[in-house]
Amino acid sequence: TIGKLTVITGPMYSGKTTELLNFAEIYEIGKKKTLIFKPAIDTRYSAEDVVTHKFHKMPARVVKDSTELFEYYNSLIEKPDAVFIDEVHFFDVELVNITKKITLDGVDVYCAGLDMSYLWEPFETTAKLMALADEIIKKKAVCEVCGEYKATLSYKLKNNGGVFDVGGKDKYIAVCKDCYESYERNA
Ligand code: ADP
Ligand code: MG
Ligand code: ZN
């Protein structure tokens, strides 16, 4: 049977990586073979692990783009039961075709990443993965301005470096749409 594609998305600090690692753990408890990837661009906490903001971590294969990811996957003699990819918004759109090909091998694929940039615009790779997904999990964060559990956007405090710019709380906060708008009006 064809593998299932699950997309875990939402703003920064919404627990996307936590959810991704929880799914990976479920497979590992069941003695299933897992393979975790992350893009080379995300070295916030570690160069080799996928790490959550609460410092839960699992070892990952670091790849520079979707081609390298697929080459590594194809080089494996024994195929995994599930593939986990964090920070999918940092990947080129070819990742969309590659995840489809992996599911055709009967492998489940879990993708986590931001749905929108700090400009309140979709990230193309995540958007296309969501279109193809069997299941989409949209996470929320606590708005760091009003304290309500309804943040769906990431607000950039230091506006430099563009939309593909890695950062933590020094650079981005999770905000709800109302607080985003009032920040923009006062900017
Ligand atoms: P993501 O991958 O979506 O950035 P993580 O899974 O790495 O998120 O981290 C989620 C954790 O971040 C939460 O469990 C919580 O401890 C912490 N956190 C920090 N700021 C917030 C916030 N504004 N809303 C919710 N959780 C937050
Ligand atoms: Mg994350
Ligand atoms: Zn708010």
# chains A, B, ... in the order shown; residues from 1 in each chain; ligands from 1
$ select_by_dssp --residues "stretch 53-128 of chain A" --states "strand (DSSP E or B)" --output "MDAnalysis selection string"
chainID A and resid 57:59 61:63 82:85 108:114 116 122
$ write_last_selection --atoms "C-alpha atoms" --output "PDB file, in the first residue's frame"
ATOM      1  CA  LYS A  57      16.010  15.802  20.311  1.00  0.00           C
ATOM      2  CA  MET A  58      16.577  12.899  17.929  1.00  0.00           C
ATOM      3  CA  PRO A  59      19.464  12.267  15.520  1.00  0.00           C
ATOM      4  CA  ARG A  61      20.449  13.275   8.575  1.00  0.00           C
ATOM      5  CA  VAL A  62      21.385  16.802   7.510  1.00  0.00           C
ATOM      6  CA  VAL A  63      20.890  17.518   3.802  1.00  0.00           C
ATOM      7  CA  ALA A  82       8.581   6.184   7.762  1.00  0.00           C
ATOM      8  CA  VAL A  83      10.497   9.309   6.761  1.00  0.00           C
ATOM      9  CA  PHE A  84      10.344  12.496   8.864  1.00  0.00           C
ATOM     10  CA  ILE A  85      11.360  15.859   7.436  1.00  0.00           C
ATOM     11  CA  ASP A 108       4.847   6.984   5.352  1.00  0.00           C
ATOM     12  CA  VAL A 109       6.122  10.562   5.188  1.00  0.00           C
ATOM     13  CA  TYR A 110       5.726  13.195   7.928  1.00  0.00           C
ATOM     14  CA  CYS A 111       6.632  16.777   7.055  1.00  0.00           C
ATOM     15  CA  ALA A 112       6.828  19.649   9.557  1.00  0.00           C
ATOM     16  CA  GLY A 113       7.314  23.294   8.677  1.00  0.00           C
ATOM     17  CA  LEU A 114       6.014  26.833   8.678  1.00  0.00           C
ATOM     18  CA  MET A 116       3.566  31.185   6.318  1.00  0.00           C
ATOM     19  CA  PRO A 122       2.455  31.059   2.189  1.00  0.00           C
TER      20      PRO A 122
END
$ residues_near_ligand --ligand "ligand 1" --cutoff "6 Å" --atoms "only C-alpha atoms and all ligand atoms" --output "list in words"
Met12, Tyr13, Ser14, Gly15, Lys16, Thr17, Thr18, Thr52, His53, Lys54, Ala141, Val142, Cys143, Glu144 and Ala174 of chain A
$ write_last_selection --atoms "C-alpha atoms" --output "short mmCIF file (atom, residue, chain, number, x, y, z; two decimals), in the first residue's frame"
data_model
loop_
_atom_site.label_atom_id
_atom_site.label_comp_id
_atom_site.auth_asym_id
_atom_site.auth_seq_id
_atom_site.Cartn_x
_atom_site.Cartn_y
_atom_site.Cartn_z
CA MET A 12 7.01 29.27 15.21
CA TYR A 13 6.84 27.67 18.71
CA SER A 14 3.56 25.89 17.90
CA GLY A 15 5.05 22.46 18.65
CA LYS A 16 5.61 21.26 15.08
CA THR A 17 8.96 19.62 15.78
CA THR A 18 7.63 18.16 19.06
CA THR A 52 12.63 21.19 19.81
CA HIS A 53 12.46 24.48 21.71
CA LYS A 54 12.19 22.32 24.85
CA ALA A 141 1.11 28.87 19.61
CA VAL A 142 0.48 31.23 22.51
CA CYS A 143 0.41 34.82 21.20
CA GLU A 144 3.39 36.53 22.82
CA ALA A 174 4.43 33.93 17.66
#
$ residues_around --residues "stretch 179-181 of chain A" --least-positions-apart "5" --cutoff "12 Å" --atoms "only C-alpha atoms" --output "MDAnalysis selection string"
chainID A and resid 118:120 142:148 150:157 172:174 186:187
$ closest_residue --among "A:Val175, A:Leu76, A:Ala131, A:Leu21" --to "ligand 3" --atoms "only C-alpha atoms and all ligand atoms"
A:Val175
$ closest_residue --among "A:Lys158, A:Lys140, A:Glu71, A:Val163" --to "ligand 3" --atoms "only C-alpha atoms and all ligand atoms"
A:Lys140
$ atom_distance --atom1 "atom CA of A:Gly10" --atom2 "atom CA of A:Ala40"
21.0 Å
$ atom_distance --atom1 "atom CA of A:Lys38" --atom2 "atom CA of A:Leu5"
17.0 Å
$ closest_residue --among "A:Val51, A:Cys176, A:Ala24, A:Leu69" --to "ligand 3" --atoms "only C-alpha atoms and all ligand atoms"
A:Cys176
$ closest_residue --among "A:Gly161, A:Gly3, A:Gly106, A:Pro11" --to "ligand 2" --atoms "only C-alpha atoms and all ligand atoms"
A:Pro11
$ atom_distance --atom1 "atom CA of A:Phe164" --atom2 "atom CA of A:Asp115"
12.8 Å
$ closest_residue --among "A:Tyr149, A:Val96, A:Asp165, A:Lys138" --to "ligand 3" --atoms "only C-alpha atoms and all ligand atoms"
A:Tyr149
$ residues_around --residues "A:Lys64" --least-positions-apart "5" --cutoff "12 Å" --atoms "only C-alpha atoms" --output "list in words"
Phe37, Lys38, Pro39, Ala40, Ile41, Asp42, Thr43, Leu69, Phe70, Glu71, Tyr72, Val88, Phe90, Phe91, Asp92 and Leu95 of chain A
$ select_by_dssp --residues "stretch 98-145 of chain A" --states "alpha helix (DSSP H)" --output "compact mmCIF listing (two decimals) with C-alpha atoms, in the first residue's frame"
# COMPACT_ATOMS: atom_id res chain seq x y z
CA ILE A 98 10.20 13.48 -3.88
CA THR A 99 7.82 12.95 -0.95
CA LYS A 100 5.24 11.59 -3.42
CA LYS A 101 7.82 9.14 -4.80
CA ILE A 102 8.73 8.00 -1.28
CA THR A 103 5.06 7.31 -0.45
CA LEU A 104 4.83 5.24 -3.66
CA GLU A 124 5.41 27.42 -1.50
CA THR A 125 6.91 24.05 -0.51
CA THR A 126 4.69 23.71 2.58
CA ALA A 127 1.61 24.88 0.67
CA LYS A 128 2.08 22.24 -2.05
CA LEU A 129 2.77 19.50 0.48
CA MET A 130 -0.46 20.48 2.26
CA ALA A 131 -2.35 20.13 -1.04
CA LEU A 132 -1.09 16.56 -1.47
